[in-house]
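One file, run05.txt, is given below (compact mmCIF, C-alpha atoms and all ligand atoms).
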```txt
# COMPACT_ATOMS: atom_id res chain seq x y z
CA MET Q 1 -4.91 91.42 62.78
CA MET Q 2 -6.96 90.04 65.66
CA MET Q 3 -5.34 87.61 68.08
CA GLU Q 4 -7.35 84.69 66.58
CA GLN Q 5 -5.81 85.50 63.22
CA TRP Q 6 -2.33 85.48 64.72
CA ILE Q 7 -3.04 82.05 66.20
CA THR Q 8 -3.96 80.83 62.72
CA ARG Q 9 -0.85 82.50 61.30
CA ALA Q 10 1.35 80.80 63.94
CA LEU Q 11 -0.09 77.40 63.03
CA GLU Q 12 0.35 78.10 59.30
CA SER Q 13 3.96 79.08 59.90
CA GLY Q 14 4.82 75.70 61.40
CA PHE Q 15 3.97 75.75 65.10
CA ASP Q 16 2.02 72.77 66.39
CA ALA Q 17 -0.05 74.70 68.93
CA ALA Q 18 -0.78 78.35 69.61
CA GLY Q 19 -3.07 80.30 71.93
CA THR Q 20 -3.78 83.67 73.45
CA LEU Q 21 -1.70 84.85 76.37
CA ASP Q 22 -3.50 86.94 78.99
CA CYS Q 23 -0.55 88.89 80.40
CA SER Q 24 -2.34 89.48 83.72
CA THR Q 25 -1.89 85.74 84.45
CA ILE Q 26 1.90 85.99 84.36
CA ILE Q 27 3.51 85.29 87.73
CA LEU Q 28 7.22 85.89 88.05
CA ARG Q 29 9.21 83.62 90.33
CA THR Q 30 12.60 84.09 91.90
CA GLU Q 31 13.09 80.28 91.57
CA ALA Q 32 13.18 80.61 87.79
CA ARG Q 33 15.98 83.14 88.06
CA GLU Q 34 17.79 81.03 90.64
CA ALA Q 35 17.75 78.17 88.14
CA CYS Q 36 19.47 80.50 85.62
CA LYS Q 37 22.16 81.17 88.21
CA SER Q 38 23.00 77.46 88.40
CA ASP Q 39 24.26 78.03 84.82
CA LYS Q 40 23.43 74.56 83.46
CA CYS Q 41 23.03 76.06 79.99
CA ARG Q 42 26.32 78.00 80.24
CA ARG Q 43 24.60 81.31 79.34
CA TYR Q 44 24.39 82.98 82.75
CA GLY Q 45 26.42 86.18 82.59
CA ARG Q 46 27.29 85.54 78.95
CA SER Q 47 24.40 87.16 77.06
CA TRP Q 48 22.30 90.32 77.04
CA SER Q 49 19.29 88.00 76.83
CA CYS Q 50 19.98 86.20 80.12
CA PRO Q 51 20.48 87.27 83.75
CA PRO Q 52 22.03 89.49 84.83
CA GLY Q 53 22.26 91.15 81.36
CA CYS Q 54 18.48 91.09 80.75
CA GLY Q 55 17.86 93.17 83.89
CA SER Q 56 16.78 92.47 87.46
CA LEU Q 57 13.56 90.57 88.13
CA ASP Q 58 11.91 93.90 89.04
CA GLU Q 59 13.01 95.41 85.76
CA CYS Q 60 11.70 92.40 83.86
CA ALA Q 61 8.39 92.66 85.78
CA ALA Q 62 8.09 96.33 84.83
CA ARG Q 63 8.56 95.45 81.16
CA ILE Q 64 5.98 92.67 81.31
CA ARG Q 65 3.42 94.90 83.05
CA ARG Q 66 3.30 97.10 79.95
CA TYR Q 67 1.40 94.41 78.07
CA SER Q 68 -2.13 93.08 78.23
CA LYS Q 69 -2.26 90.41 75.55
CA GLY Q 70 0.07 88.16 73.63
CA LEU Q 71 0.52 84.89 71.82
CA ILE Q 72 1.85 81.54 73.08
CA VAL Q 73 3.43 79.22 70.50
CA GLN Q 74 4.55 75.63 70.80
CA THR Q 75 6.47 73.05 68.80
CA VAL Q 76 5.77 69.44 69.69
CA GLY Q 77 8.44 66.96 68.57
CA LYS Q 78 7.69 63.25 68.27
CA LEU Q 79 10.43 61.09 69.74
CA GLU Q 80 11.26 57.48 68.95
CA ASP Q 81 12.20 56.97 72.61
CA GLU Q 82 13.49 59.00 75.55
CA PHE Q 83 17.04 58.83 74.16
CA ASP Q 84 16.10 60.25 70.77
CA GLY Q 85 18.56 63.15 70.87
CA GLU Q 86 18.25 63.75 67.14
CA GLY Q 87 14.45 64.08 67.44
CA MET Q 88 14.88 66.57 70.28
CA MET Q 89 17.42 68.62 68.29
CA ASP Q 90 15.17 68.61 65.22
CA ALA Q 91 12.21 69.91 67.20
CA ALA Q 92 14.40 72.55 68.92
CA ARG Q 93 15.73 73.71 65.55
CA ARG Q 94 12.26 73.84 64.01
CA HIS Q 95 10.97 75.82 66.99
CA ALA Q 96 13.86 78.33 66.90
CA GLU Q 97 13.51 78.91 63.14
CA ASN Q 98 9.74 79.37 63.29
CA PHE Q 99 10.07 81.61 66.34
CA ARG Q 100 12.57 83.87 64.58
CA ARG Q 101 10.43 84.06 61.44
CA LEU Q 102 7.16 84.83 63.24
CA SER Q 103 8.96 87.30 65.50
CA LYS Q 104 10.02 89.29 62.44
CA GLU Q 105 6.49 89.29 61.07
CA LEU Q 106 4.93 90.31 64.39
CA ARG Q 107 7.46 93.12 64.82
CA GLU Q 108 6.07 94.79 61.67
CA HIS Q 109 2.63 94.98 63.32
CA TYR Q 110 3.73 95.46 66.95
CA PRO Q 111 7.00 97.46 66.89
CA ASP Q 112 7.23 97.41 70.71
CA MET Q 113 6.48 93.73 71.21
CA LEU Q 114 8.50 91.59 73.61
CA PRO Q 115 9.45 88.12 72.35
CA LEU Q 116 10.27 85.57 75.04
CA GLY Q 117 11.56 82.31 73.67
CA THR Q 118 12.88 78.99 74.80
CA GLU Q 119 16.61 79.55 74.76
CA SER Q 120 19.20 82.24 75.20
CA CYS Q 121 19.54 84.52 72.17
CA ALA Q 122 21.63 82.91 69.44
CA THR Q 123 21.48 85.67 66.84
CA CYS Q 124 25.24 86.34 66.92
CA ASP Q 125 28.03 83.78 66.94
CA LEU Q 126 29.44 85.56 69.97
CA CYS Q 127 27.25 87.78 72.15
CA THR Q 128 28.72 91.24 72.80
CA TYR Q 129 27.85 90.99 76.53
CA PRO Q 130 29.16 92.76 78.57
CA ASP Q 131 31.67 94.75 76.53
CA SER Q 132 29.42 96.57 74.06
CA PRO Q 133 25.67 97.02 73.51
CA CYS Q 134 23.50 94.31 71.97
CA ARG Q 135 23.94 94.27 68.18
CA ASP Q 136 20.28 93.58 67.46
CA PRO Q 137 18.01 94.59 70.37
CA PHE Q 138 14.90 94.13 68.17
CA GLY Q 139 15.91 90.70 66.89
CA ALA Q 140 17.16 89.39 70.25
CA SER Q 141 14.89 87.39 72.53
CA SER Q 142 15.26 86.20 76.11
CA PRO Q 143 14.13 82.83 77.39
CA MET Q 144 10.86 82.98 79.37
CA GLU Q 145 12.70 81.75 82.49
CA ALA Q 146 15.19 84.62 82.27
CA PHE Q 147 12.23 86.94 82.92
CA GLY Q 148 11.15 84.80 85.88
CA MET Q 149 8.37 82.94 84.08
CA MET Q 150 7.74 79.23 84.63
CA VAL Q 151 6.56 77.80 81.32
CA GLY Q 152 4.19 75.32 83.01
CA ASP Q 153 2.48 78.14 84.95
CA VAL Q 154 1.98 80.22 81.83
CA CYS Q 155 0.56 77.30 79.83
CA ARG Q 156 -1.80 76.18 82.60
CA ALA Q 157 -3.09 79.72 83.24
CA ASN Q 158 -3.88 80.15 79.55
CA GLY Q 159 -5.47 76.80 78.75
CA MET Q 160 -2.51 75.35 76.85
CA GLU Q 161 -1.00 71.89 77.35
CA TYR Q 162 2.47 71.93 78.84
CA TYR Q 163 3.07 68.24 78.19
CA HIS Q 164 1.71 66.66 75.02
CA GLY Q 165 2.08 63.04 76.11
CA LYS Q 166 4.54 60.16 76.17
CA GLY Q 167 7.05 60.16 73.34
CA THR Q 168 6.87 63.91 72.77
CA ILE Q 169 8.91 66.96 73.65
CA THR Q 170 7.41 70.44 73.74
CA PHE Q 171 9.13 73.78 73.20
CA THR Q 172 7.17 76.87 74.24
CA GLY Q 173 7.69 80.56 73.58
CA CYS Q 174 5.53 83.66 73.67
CA PHE Q 175 5.19 87.14 72.26
CA LEU Q 176 3.84 90.00 74.40
CA LEU Q 177 2.01 92.16 71.90
CA GLU Q 178 -0.77 94.49 72.97
CA GLN Q 179 0.01 97.33 75.34
CA ALA Q 180 -1.90 97.56 78.62
CA THR Q 181 -4.16 100.63 78.95
CA GLY Q 182 -2.29 103.68 80.17
CA GLN Q 183 1.11 102.42 78.96
S1 LIG Y 1 21.51 89.88 69.32
FE1 LIG Y 1 23.67 89.29 69.56
S2 LIG Y 1 24.47 90.81 71.04
FE2 LIG Y 1 22.21 90.85 71.23
S3 LIG Y 1 21.67 89.38 72.87
FE3 LIG Y 1 21.57 88.27 70.91
S4 LIG Y 1 23.60 87.32 70.70
FE4 LIG Y 1 23.80 89.00 72.23
```
Please lay out the structure from this file as structure tokens.
Amino acid sequence: MMMEQWITRALESGFDAAGTLDCSTIILRTEAREACKSDKCRRYGRSWSCPPGCGSLDECAARIRRYSKGLIVQTVGKLEDEFDGEGMMDAARRHAENFRRLSKELREHYPDMLPLGTESCATCDLCTYPDSPCRDPFGASSPMEAFGMMVGDVCRANGMEYYHGKGTITFTGCFLLEQATGQ
């Protein structure tokens, strides 16, 4: 399938926005990794999908450099007000479910693809990190920030909105699909 067709497929499968990712626009920032270290989400050092388990920033950069093209997907939740926790949770849940489903479908066409989502991998009730290897390396996905990506940068560089306006919350993820020449 061509990338345009995957965009259509992403929209059909429940995402509110989707676009092409030009992997050469990806800039990795140490600040993103530093933010992981502050451990606000309580996943630092607790998952293969997050630092340090997902590899050093250089290792993440080497993995990203293998790709030329991918897909950005977004879920935009409508909130009643800024305290609408239920609305935020609903949108997060919808995004995670659609991301998992599309990831499975994409994997059939791009066996070596790299999914980078919004949150730490939640495939298992308890991550095996660091005692034994990941149970599902093909189903697992890291958050974009864990690989040093700033979501706003990626959206701006690829013509996608990062913020969809007052009273909304946006969740963004991406799939790195096509291999760069010579990889
Ligand atoms: S698939 Fe399981 S073991 Fe692997 S990163 Fe996700 S939670 Fe951890």
Identify, on the basis of only C-alpha atoms, every residue whose closest approach to segment 47-50 of chain Q does not exceed 10 Å; exclude the query and any residue fewer than 3 positions from it along the same chain; express the result as a PDB file with C-alpha atoms, in the frame of the given file.
```pdb
ATOM      1  CA  ARG Q  33      15.980  83.140  88.060  1.00  0.00           C
ATOM      2  CA  CYS Q  36      19.470  80.500  85.620  1.00  0.00           C
ATOM      3  CA  LYS Q  37      22.160  81.170  88.210  1.00  0.00           C
ATOM      4  CA  ARG Q  42      26.320  78.000  80.240  1.00  0.00           C
ATOM      5  CA  ARG Q  43      24.600  81.310  79.340  1.00  0.00           C
ATOM      6  CA  TYR Q  44      24.390  82.980  82.750  1.00  0.00           C
ATOM      7  CA  GLY Q  53      22.260  91.150  81.360  1.00  0.00           C
ATOM      8  CA  CYS Q  54      18.480  91.090  80.750  1.00  0.00           C
ATOM      9  CA  GLY Q  55      17.860  93.170  83.890  1.00  0.00           C
ATOM     10  CA  LEU Q 116      10.270  85.570  75.040  1.00  0.00           C
ATOM     11  CA  GLU Q 119      16.610  79.550  74.760  1.00  0.00           C
ATOM     12  CA  SER Q 120      19.200  82.240  75.200  1.00  0.00           C
ATOM     13  CA  CYS Q 121      19.540  84.520  72.170  1.00  0.00           C
ATOM     14  CA  ALA Q 122      21.630  82.910  69.440  1.00  0.00           C
ATOM     15  CA  LEU Q 126      29.440  85.560  69.970  1.00  0.00           C
ATOM     16  CA  CYS Q 127      27.250  87.780  72.150  1.00  0.00           C
ATOM     17  CA  THR Q 128      28.720  91.240  72.800  1.00  0.00           C
ATOM     18  CA  TYR Q 129      27.850  90.990  76.530  1.00  0.00           C
ATOM     19  CA  PRO Q 130      29.160  92.760  78.570  1.00  0.00           C
ATOM     20  CA  SER Q 132      29.420  96.570  74.060  1.00  0.00           C
ATOM     21  CA  PRO Q 133      25.670  97.020  73.510  1.00  0.00           C
ATOM     22  CA  CYS Q 134      23.500  94.310  71.970  1.00  0.00           C
ATOM     23  CA  ARG Q 135      23.940  94.270  68.180  1.00  0.00           C
ATOM     24  CA  PRO Q 137      18.010  94.590  70.370  1.00  0.00           C
ATOM     25  CA  ALA Q 140      17.160  89.390  70.250  1.00  0.00           C
ATOM     26  CA  SER Q 141      14.890  87.390  72.530  1.00  0.00           C
ATOM     27  CA  SER Q 142      15.260  86.200  76.110  1.00  0.00           C
ATOM     28  CA  PRO Q 143      14.130  82.830  77.390  1.00  0.00           C
ATOM     29  CA  MET Q 144      10.860  82.980  79.370  1.00  0.00           C
ATOM     30  CA  GLU Q 145      12.700  81.750  82.490  1.00  0.00           C
ATOM     31  CA  ALA Q 146      15.190  84.620  82.270  1.00  0.00           C
ATOM     32  CA  PHE Q 147      12.230  86.940  82.920  1.00  0.00           C
TER      33      PHE Q 147
END
```
Write out as a list in words which residues come within 12 Å of Pro111 of chain Q when counting all atoms listed in the file, dropping same-chain ones fewer than 5 positions away.
Ser103, Lys104, Glu105, Leu106, Pro137, Phe138, Gly139, Phe175, Leu176, Leu177, Glu178 and Gln179 of chain Q
Go ahead and write the residues just picked, C-alpha atoms, as a tab-separated table (two decimals), keeping the file's coordinate frame.
```tsv
chain	number	residue	atom	x	y	z
Q	103	SER	CA	8.96	87.30	65.50
Q	104	LYS	CA	10.02	89.29	62.44
Q	105	GLU	CA	6.49	89.29	61.07
Q	106	LEU	CA	4.93	90.31	64.39
Q	137	PRO	CA	18.01	94.59	70.37
Q	138	PHE	CA	14.90	94.13	68.17
Q	139	GLY	CA	15.91	90.70	66.89
Q	175	PHE	CA	5.19	87.14	72.26
Q	176	LEU	CA	3.84	90.00	74.40
Q	177	LEU	CA	2.01	92.16	71.90
Q	178	GLU	CA	-0.77	94.49	72.97
Q	179	GLN	CA	0.01	97.33	75.34
```
When distances are computed from all atoms listed in the file, which of Q:Glu4, Q:Glu108, Q:Glu86, Q:Glu97 shows the smallest separation from Leu21 of chain Q?
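Closest residue, counting all atoms listed in the file: Q:Glu4.
Counting from atom CA of Asp131 of chain Q, the distance to atom CA of Asp112 of chain Q is 25.3 Å.
Proximity of Q:Gly117, Q:Gly14, Q:Gly19, Q:Gly85 to ligand LIG 1 (chain Y), computed with all atoms listed in the file, is greatest for Q:Gly117.
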Would you mind telling me which residue in Q:Cys124, Q:Met160, Q:Met88, Q:Val73 lies nearest to Thr8 of chain Q when using only C-alpha atoms?
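Closest residue, counting only C-alpha atoms: Q:Val73.
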Please provide the set of residues having any atom within 9 Å of Ser24 of chain Q, restricted to all atoms listed in the file, with same-chain residues fewer than 6 positions apart removed, written as a PyMOL selection string.
chain Q and resi 65+67-69
With only C-alpha atoms as the basis for distance, which of Q:Asp136, Q:Trp6, Q:Glu31, Q:Asp84 is at the shortest distance from His109 of chain Q?
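Ranking Q:Asp136, Q:Trp6, Q:Glu31, Q:Asp84 by distance to His109 of chain Q, first place goes to Q:Trp6.
For the choices Q:Glu12, Q:Asp153, Q:Cys60, Q:Thr123, the atom-to-atom distance to ligand LIG 1 (chain Y) is smallest for Q:Thr123 when using only C-alpha atoms and all ligand atoms.
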Shortest interatomic distance to ligand LIG 1 (chain Y) - which of Q:Met150, Q:Ala180, Q:Gly167, Q:Gly45, counting only C-alpha atoms and all ligand atoms
Q:Gly45
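You will find atom CA of Thr75 of chain Q at 25.4 Å from atom S2 of ligand LIG 1 (chain Y).
Between atom CA of Phe15 of chain Q and atom CA of Asp81 of chain Q lies a distance of 21.8 Å.
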Using all atoms listed in the file, which protein or nucleic acid residues come within 7 Å of Gln74 of chain Q? Drop anything in the same chain fewer than 4 positions from it, and give the result as JSON, numbers by chain.
{"Q": [15, 16, 17, 18, 170, 171, 172, 173]}
Non-local contacts of Gly148 of chain Q (10 Å; only C-alpha atoms; under 6 positions in same chain excluded) as a PDB file with C-alpha atoms, in the coordinates of the input:
```
ATOM      1  CA  ILE Q  26       1.900  85.990  84.360  1.00  0.00           C
ATOM      2  CA  ILE Q  27       3.510  85.290  87.730  1.00  0.00           C
ATOM      3  CA  LEU Q  28       7.220  85.890  88.050  1.00  0.00           C
ATOM      4  CA  ARG Q  29       9.210  83.620  90.330  1.00  0.00           C
ATOM      5  CA  THR Q  30      12.600  84.090  91.900  1.00  0.00           C
ATOM      6  CA  GLU Q  31      13.090  80.280  91.570  1.00  0.00           C
ATOM      7  CA  ALA Q  32      13.180  80.610  87.790  1.00  0.00           C
ATOM      8  CA  ARG Q  33      15.980  83.140  88.060  1.00  0.00           C
ATOM      9  CA  GLU Q  34      17.790  81.030  90.640  1.00  0.00           C
ATOM     10  CA  ALA Q  35      17.750  78.170  88.140  1.00  0.00           C
ATOM     11  CA  CYS Q  36      19.470  80.500  85.620  1.00  0.00           C
ATOM     12  CA  PRO Q  51      20.480  87.270  83.750  1.00  0.00           C
ATOM     13  CA  SER Q  56      16.780  92.470  87.460  1.00  0.00           C
ATOM     14  CA  LEU Q  57      13.560  90.570  88.130  1.00  0.00           C
ATOM     15  CA  ASP Q  58      11.910  93.900  89.040  1.00  0.00           C
ATOM     16  CA  CYS Q  60      11.700  92.400  83.860  1.00  0.00           C
ATOM     17  CA  ALA Q  61       8.390  92.660  85.780  1.00  0.00           C
TER      18      ALA Q  61
END
```
Around all the atoms of segment 8-19 of chain Q listed in the file, with 6 Å of room on each side, what axis-aligned box do you get, giving centre and edge lengths in Å to one decimal, as lines of an AutoDock Vina configuration file?
```
center_x = 0.4
center_y = 77.6
center_z = 65.6
size_x = 20.8
size_y = 21.7
size_z = 24.6
```
